[in-house]
Amino acid sequence: MLEEGAGEWSALELNALLESRGLSLSASAQTDYLSVTIQGLSGDIDLMMKILSEVVYQPHFNLEDFERKIDRVRNNIKQAKNDPQSMAWFLFGLVMQGKRNGYTYQSATEESVENITLSDVTFFHAEHIEPIKPVFNVVSDLPYKEIESSIIYNFKSIPGIHDPEPVDTEFVYKDLRIFILDRKGSSQTEIAAGVPLPRMSNSLDDAAVLVVNNLYGGHFNSRLNKNLREEKGFTYGISSFMRPLKDSTQYIIMTSVDTGNTGPALIEILKELNDVRKNISNEELDFSKQFLIKGAPFKFETYHFVSMLMQSIVSRGLPLDYYSEQPIQFSKVDIENAITAANQYLLLENLQIVLVGDFEEILKTIPAPLLRGVVEINDSGKVIVREQDL
């Protein structure tokens, strides 16, 4: 609701102002932080800072805007329940950390939407936004002093007396489990798998696991894509990636397959994950390193990309030279580093797997040894106990 009118501007007036000056404004609440971003010409720096100040600290929070937003969230929830990929991502977030905390997927539910009030929003803003010290992330061709002066002038009355309170972000390793959301009659299965990991830094071990992940499922010629797409024809594409957070990391594998190929696809995913912890060739290691090293400059291609990297540095508490040092660390990775990192981080035995598809048909495809870890869940992530299980 931060964009729905603030300070001296109504929602319509604010949008008219943005359009007339060619400005772009957006607000986003992430796992680790809330950010408000504005883009425009350097000559409008003072106007942009004024808009940011009023949007963040003087939002109107009108009832009709609140009710309109709530209706939109209700519709988004209904749409998500009909989208297997959205449900897989949502449910995977609930089981990923092994416990409910600040890193479980924070998405509205039907119950939470009906319980929230405008007062809740207002109190949240007063308790969690107004008192927090803001961090300014500016990418510009203007001299530092000019930007600093604009910030001081437009935010001079903002107190920002303390840092955000720490939240529970721990994770618990669990044995390999398979959680299935039944979508009877579905011809495809959406697969989301992964495991929580410790916080990533700029160490050689962390560079090594990024290199290993890249050759495992991080690009088109990765092992997963060659196996499941090119050789087996199970999927149009499969990928694995790290989701780095402030105090934790999430390792994630995602794809979709025909229902009848669900079990065989899981076996290949597990087989490749097991093999990458034992066998890595010099050729694929070098390819993966060069892919990451030579692709690094593209991270700085636009103001927007640079801003995102700066935001990551701030939100994760990284050293300022993190992204410039990363390619150097990639270049140092050898076979021994890679194998060690793969065994330390890519913990096959702790994988949590979410499947969204036809429950009964999926069960027919899963090999007996994996059936011991199968759990059926509903669209809120709660376990379903069927009569035959009693």
# chains A, B, ... in the order shown; residues from 1 in each chain; ligands from 1
$ residues_around --residues "A:Ser240" --least-positions-apart "5" --cutoff "7 Å" --atoms "only C-alpha atoms" --output "short mmCIF file (atom, residue, chain, number, x, y, z; two decimals) with C-alpha atoms, in the first residue's frame"
data_model
loop_
_atom_site.label_atom_id
_atom_site.label_comp_id
_atom_site.auth_asym_id
_atom_site.auth_seq_id
_atom_site.Cartn_x
_atom_site.Cartn_y
_atom_site.Cartn_z
CA ASN A 213 25.96 -26.44 -8.69
CA GLY A 217 22.02 -27.94 -12.89
CA GLY A 218 23.01 -24.30 -13.29
CA ILE A 252 16.71 -25.57 -4.88
CA ILE A 253 15.99 -27.90 -7.82
CA MET A 254 12.89 -27.28 -9.96
#
$ select_by_dssp --residues "stretch 74-282 of chain A" --states "strand (DSSP E)" --output "JSON, numbers by chain"
{"A": [177, 178, 179, 180, 181, 182, 188, 189, 190, 191, 192, 193, 194, 195, 196, 197, 238, 239, 240, 241, 242, 243, 244, 249, 250, 251, 252, 253, 254, 255, 256, 257, 258]}
$ closest_atom_pairs --of "stretch 137-213 of chain A" --to "stretch 262-270 of chain A" --cutoff "10 Å" --atoms "only C-alpha atoms" --output "JSON lines"
{"residue": "A:Gln188", "atom": "CA", "partner": "A:Thr262", "partner_atom": "CA", "distance": 8.4}
{"residue": "A:Thr189", "atom": "CA", "partner": "A:Thr262", "partner_atom": "CA", "distance": 6.6}
{"residue": "A:Glu190", "atom": "CA", "partner": "A:Thr262", "partner_atom": "CA", "distance": 8.9}
{"residue": "A:Ile191", "atom": "CA", "partner": "A:Thr262", "partner_atom": "CA", "distance": 8.4}
{"residue": "A:Ala193", "atom": "CA", "partner": "A:Ile269", "partner_atom": "CA", "distance": 9.5}
$ residues_around --residues "A:Glu360" --least-positions-apart "4" --cutoff "9 Å" --atoms "only C-alpha atoms" --output "PDB file with C-alpha atoms, in the first residue's frame"
ATOM      1  CA  ASP A 182      -2.949 -34.083  -4.798  1.00  0.00           C
ATOM      2  CA  LYS A 184      -6.342 -35.436  -9.300  1.00  0.00           C
ATOM      3  CA  LYS A 364       2.603 -45.816  -8.943  1.00  0.00           C
TER       4      LYS A 364
END
$ select_by_dssp --residues "stretch 62-280 of chain A" --states "helix (DSSP H, G or I)" --output "PyMOL selection string"
chain A and resi 63-81+84-96+110-115+118-128+144-155+204-218+223-231+259-276
$ residues_around --residues "A:Asn282" --least-positions-apart "4" --cutoff "12 Å" --atoms "only C-alpha atoms" --output "JSON, numbers by chain"
{"A": [212, 215, 286, 287, 288, 289, 333, 334, 335, 336, 338, 339]}
$ closest_residue --among "A:Leu17, A:Ile147, A:Leu363, A:Met1" --to "A:Leu63" --atoms "only C-alpha atoms"
A:Met1
$ residues_around --residues "A:Val135" --least-positions-apart "3" --cutoff "10 Å" --atoms "only C-alpha atoms" --output "ChimeraX atom specification"
/A:35,132,138,160,311,314-315
$ closest_residue --among "A:Ala88, A:Ile129, A:Val385, A:Leu318" --to "A:Ile161" --atoms "only C-alpha atoms"
A:Ile129
$ closest_residue --among "A:Ser203, A:Gln352, A:Ser86, A:Ser140" --to "A:Pro327" --atoms "only C-alpha atoms"
A:Ser203
$ closest_residue --among "A:Asp44, A:Glu54, A:Asp83, A:Asp175" --to "A:Met96" --atoms "only C-alpha atoms"
A:Asp175
$ residues_around --residues "A:Glu361" --least-positions-apart "4" --cutoff "8 Å" --atoms "only C-alpha atoms" --output "PyMOL selection string"
chain A and resi 259-260+365
$ closest_residue --among "A:Asp46, A:Asp71, A:Glu127, A:Glu110" --to "A:Glu148" --atoms "only C-alpha atoms"
A:Asp46
$ residues_around --residues "stretch 373-379 of chain A" --least-positions-apart "6" --cutoff "10 Å" --atoms "only C-alpha atoms" --output "list in words"
Lys81, Met87, Ala88, Phe90, Leu91, Thr109, Asp175, Leu176, Arg177, Ile178, Phe179, Ile180, Leu181, Asp182, Gln352, Ile353, Val354, Leu355, Val356, Phe359, Leu363, Ile366, Val385 and Arg386 of chain A
$ write_last_selection --atoms "N, CA and C atoms" --output "PDB file, in the first residue's frame"
ATOM      1  N   LYS A  81      -3.721 -21.376  -6.426  1.00  0.00           N
ATOM      2  CA  LYS A  81      -4.155 -22.748  -6.140  1.00  0.00           C
ATOM      3  C   LYS A  81      -4.415 -23.542  -7.414  1.00  0.00           C
ATOM      4  N   MET A  87       2.001 -23.449  -6.381  1.00  0.00           N
ATOM      5  CA  MET A  87       1.754 -24.254  -5.187  1.00  0.00           C
ATOM      6  C   MET A  87       3.009 -25.022  -4.763  1.00  0.00           C
ATOM      7  N   ALA A  88       3.770 -25.513  -5.750  1.00  0.00           N
ATOM      8  CA  ALA A  88       5.007 -26.223  -5.422  1.00  0.00           C
ATOM      9  C   ALA A  88       5.981 -25.289  -4.714  1.00  0.00           C
ATOM     10  N   PHE A  90       5.250 -22.485  -3.043  1.00  0.00           N
ATOM     11  CA  PHE A  90       4.693 -22.124  -1.752  1.00  0.00           C
ATOM     12  C   PHE A  90       4.913 -23.237  -0.730  1.00  0.00           C
ATOM     13  N   LEU A  91       4.536 -24.463  -1.087  1.00  0.00           N
ATOM     14  CA  LEU A  91       4.650 -25.588  -0.152  1.00  0.00           C
ATOM     15  C   LEU A  91       6.100 -25.927   0.142  1.00  0.00           C
ATOM     16  N   THR A 109      -2.462 -16.464   3.054  1.00  0.00           N
ATOM     17  CA  THR A 109      -3.380 -17.592   2.964  1.00  0.00           C
ATOM     18  C   THR A 109      -4.802 -17.052   3.070  1.00  0.00           C
ATOM     19  N   ASP A 175      15.515 -36.195   7.364  1.00  0.00           N
ATOM     20  CA  ASP A 175      15.730 -37.260   6.391  1.00  0.00           C
ATOM     21  C   ASP A 175      14.964 -36.941   5.111  1.00  0.00           C
ATOM     22  N   LEU A 176      15.414 -37.551   4.021  1.00  0.00           N
ATOM     23  CA  LEU A 176      14.775 -37.321   2.725  1.00  0.00           C
ATOM     24  C   LEU A 176      13.281 -37.600   2.817  1.00  0.00           C
ATOM     25  N   ARG A 177      12.472 -36.602   2.449  1.00  0.00           N
ATOM     26  CA  ARG A 177      11.020 -36.735   2.499  1.00  0.00           C
ATOM     27  C   ARG A 177      10.427 -36.277   1.172  1.00  0.00           C
ATOM     28  N   ILE A 178       9.277 -36.851   0.826  1.00  0.00           N
ATOM     29  CA  ILE A 178       8.561 -36.479  -0.390  1.00  0.00           C
ATOM     30  C   ILE A 178       7.149 -36.064  -0.002  1.00  0.00           C
ATOM     31  N   PHE A 179       6.827 -34.789  -0.184  1.00  0.00           N
ATOM     32  CA  PHE A 179       5.518 -34.247   0.158  1.00  0.00           C
ATOM     33  C   PHE A 179       4.704 -34.088  -1.129  1.00  0.00           C
ATOM     34  N   ILE A 180       3.497 -34.657  -1.149  1.00  0.00           N
ATOM     35  CA  ILE A 180       2.689 -34.628  -2.373  1.00  0.00           C
ATOM     36  C   ILE A 180       1.382 -33.885  -2.129  1.00  0.00           C
ATOM     37  N   LEU A 181       1.105 -32.901  -2.971  1.00  0.00           N
ATOM     38  CA  LEU A 181      -0.191 -32.217  -2.997  1.00  0.00           C
ATOM     39  C   LEU A 181      -0.997 -32.816  -4.136  1.00  0.00           C
ATOM     40  N   ASP A 182      -2.145 -33.382  -3.805  1.00  0.00           N
ATOM     41  CA  ASP A 182      -2.949 -34.083  -4.798  1.00  0.00           C
ATOM     42  C   ASP A 182      -3.681 -33.111  -5.718  1.00  0.00           C
ATOM     43  N   GLN A 352      14.409 -32.303   0.755  1.00  0.00           N
ATOM     44  CA  GLN A 352      12.963 -32.244   0.934  1.00  0.00           C
ATOM     45  C   GLN A 352      12.367 -32.023  -0.456  1.00  0.00           C
ATOM     46  N   ILE A 353      11.421 -32.865  -0.836  1.00  0.00           N
ATOM     47  CA  ILE A 353      10.875 -32.846  -2.188  1.00  0.00           C
ATOM     48  C   ILE A 353       9.374 -32.593  -2.134  1.00  0.00           C
ATOM     49  N   VAL A 354       8.907 -31.625  -2.909  1.00  0.00           N
ATOM     50  CA  VAL A 354       7.474 -31.342  -3.019  1.00  0.00           C
ATOM     51  C   VAL A 354       7.021 -31.689  -4.430  1.00  0.00           C
ATOM     52  N   LEU A 355       5.951 -32.467  -4.520  1.00  0.00           N
ATOM     53  CA  LEU A 355       5.365 -32.846  -5.803  1.00  0.00           C
ATOM     54  C   LEU A 355       3.917 -32.359  -5.834  1.00  0.00           C
ATOM     55  N   VAL A 356       3.533 -31.697  -6.907  1.00  0.00           N
ATOM     56  CA  VAL A 356       2.143 -31.278  -7.093  1.00  0.00           C
ATOM     57  C   VAL A 356       1.622 -31.983  -8.338  1.00  0.00           C
ATOM     58  N   PHE A 359      -1.967 -37.653  -7.013  1.00  0.00           N
ATOM     59  CA  PHE A 359      -1.348 -38.425  -5.923  1.00  0.00           C
ATOM     60  C   PHE A 359      -1.268 -39.914  -6.242  1.00  0.00           C
ATOM     61  N   LEU A 363       2.193 -42.097  -7.019  1.00  0.00           N
ATOM     62  CA  LEU A 363       2.636 -43.212  -6.165  1.00  0.00           C
ATOM     63  C   LEU A 363       3.019 -44.440  -6.992  1.00  0.00           C
ATOM     64  N   ILE A 366       6.781 -44.191  -8.092  1.00  0.00           N
ATOM     65  CA  ILE A 366       7.878 -44.009  -7.137  1.00  0.00           C
ATOM     66  C   ILE A 366       8.400 -45.364  -6.671  1.00  0.00           C
ATOM     67  N   VAL A 385      -4.007 -37.533   6.626  1.00  0.00           N
ATOM     68  CA  VAL A 385      -3.979 -38.942   7.002  1.00  0.00           C
ATOM     69  C   VAL A 385      -5.206 -39.609   6.395  1.00  0.00           C
ATOM     70  N   ARG A 386      -4.975 -40.530   5.476  1.00  0.00           N
ATOM     71  CA  ARG A 386      -6.084 -41.230   4.819  1.00  0.00           C
ATOM     72  C   ARG A 386      -6.491 -42.434   5.656  1.00  0.00           C
TER      73      ARG A 386
END
$ closest_residue --among "A:Phe330, A:Phe291, A:Tyr57, A:Phe123" --to "A:Ile158" --atoms "only C-alpha atoms"
A:Tyr57
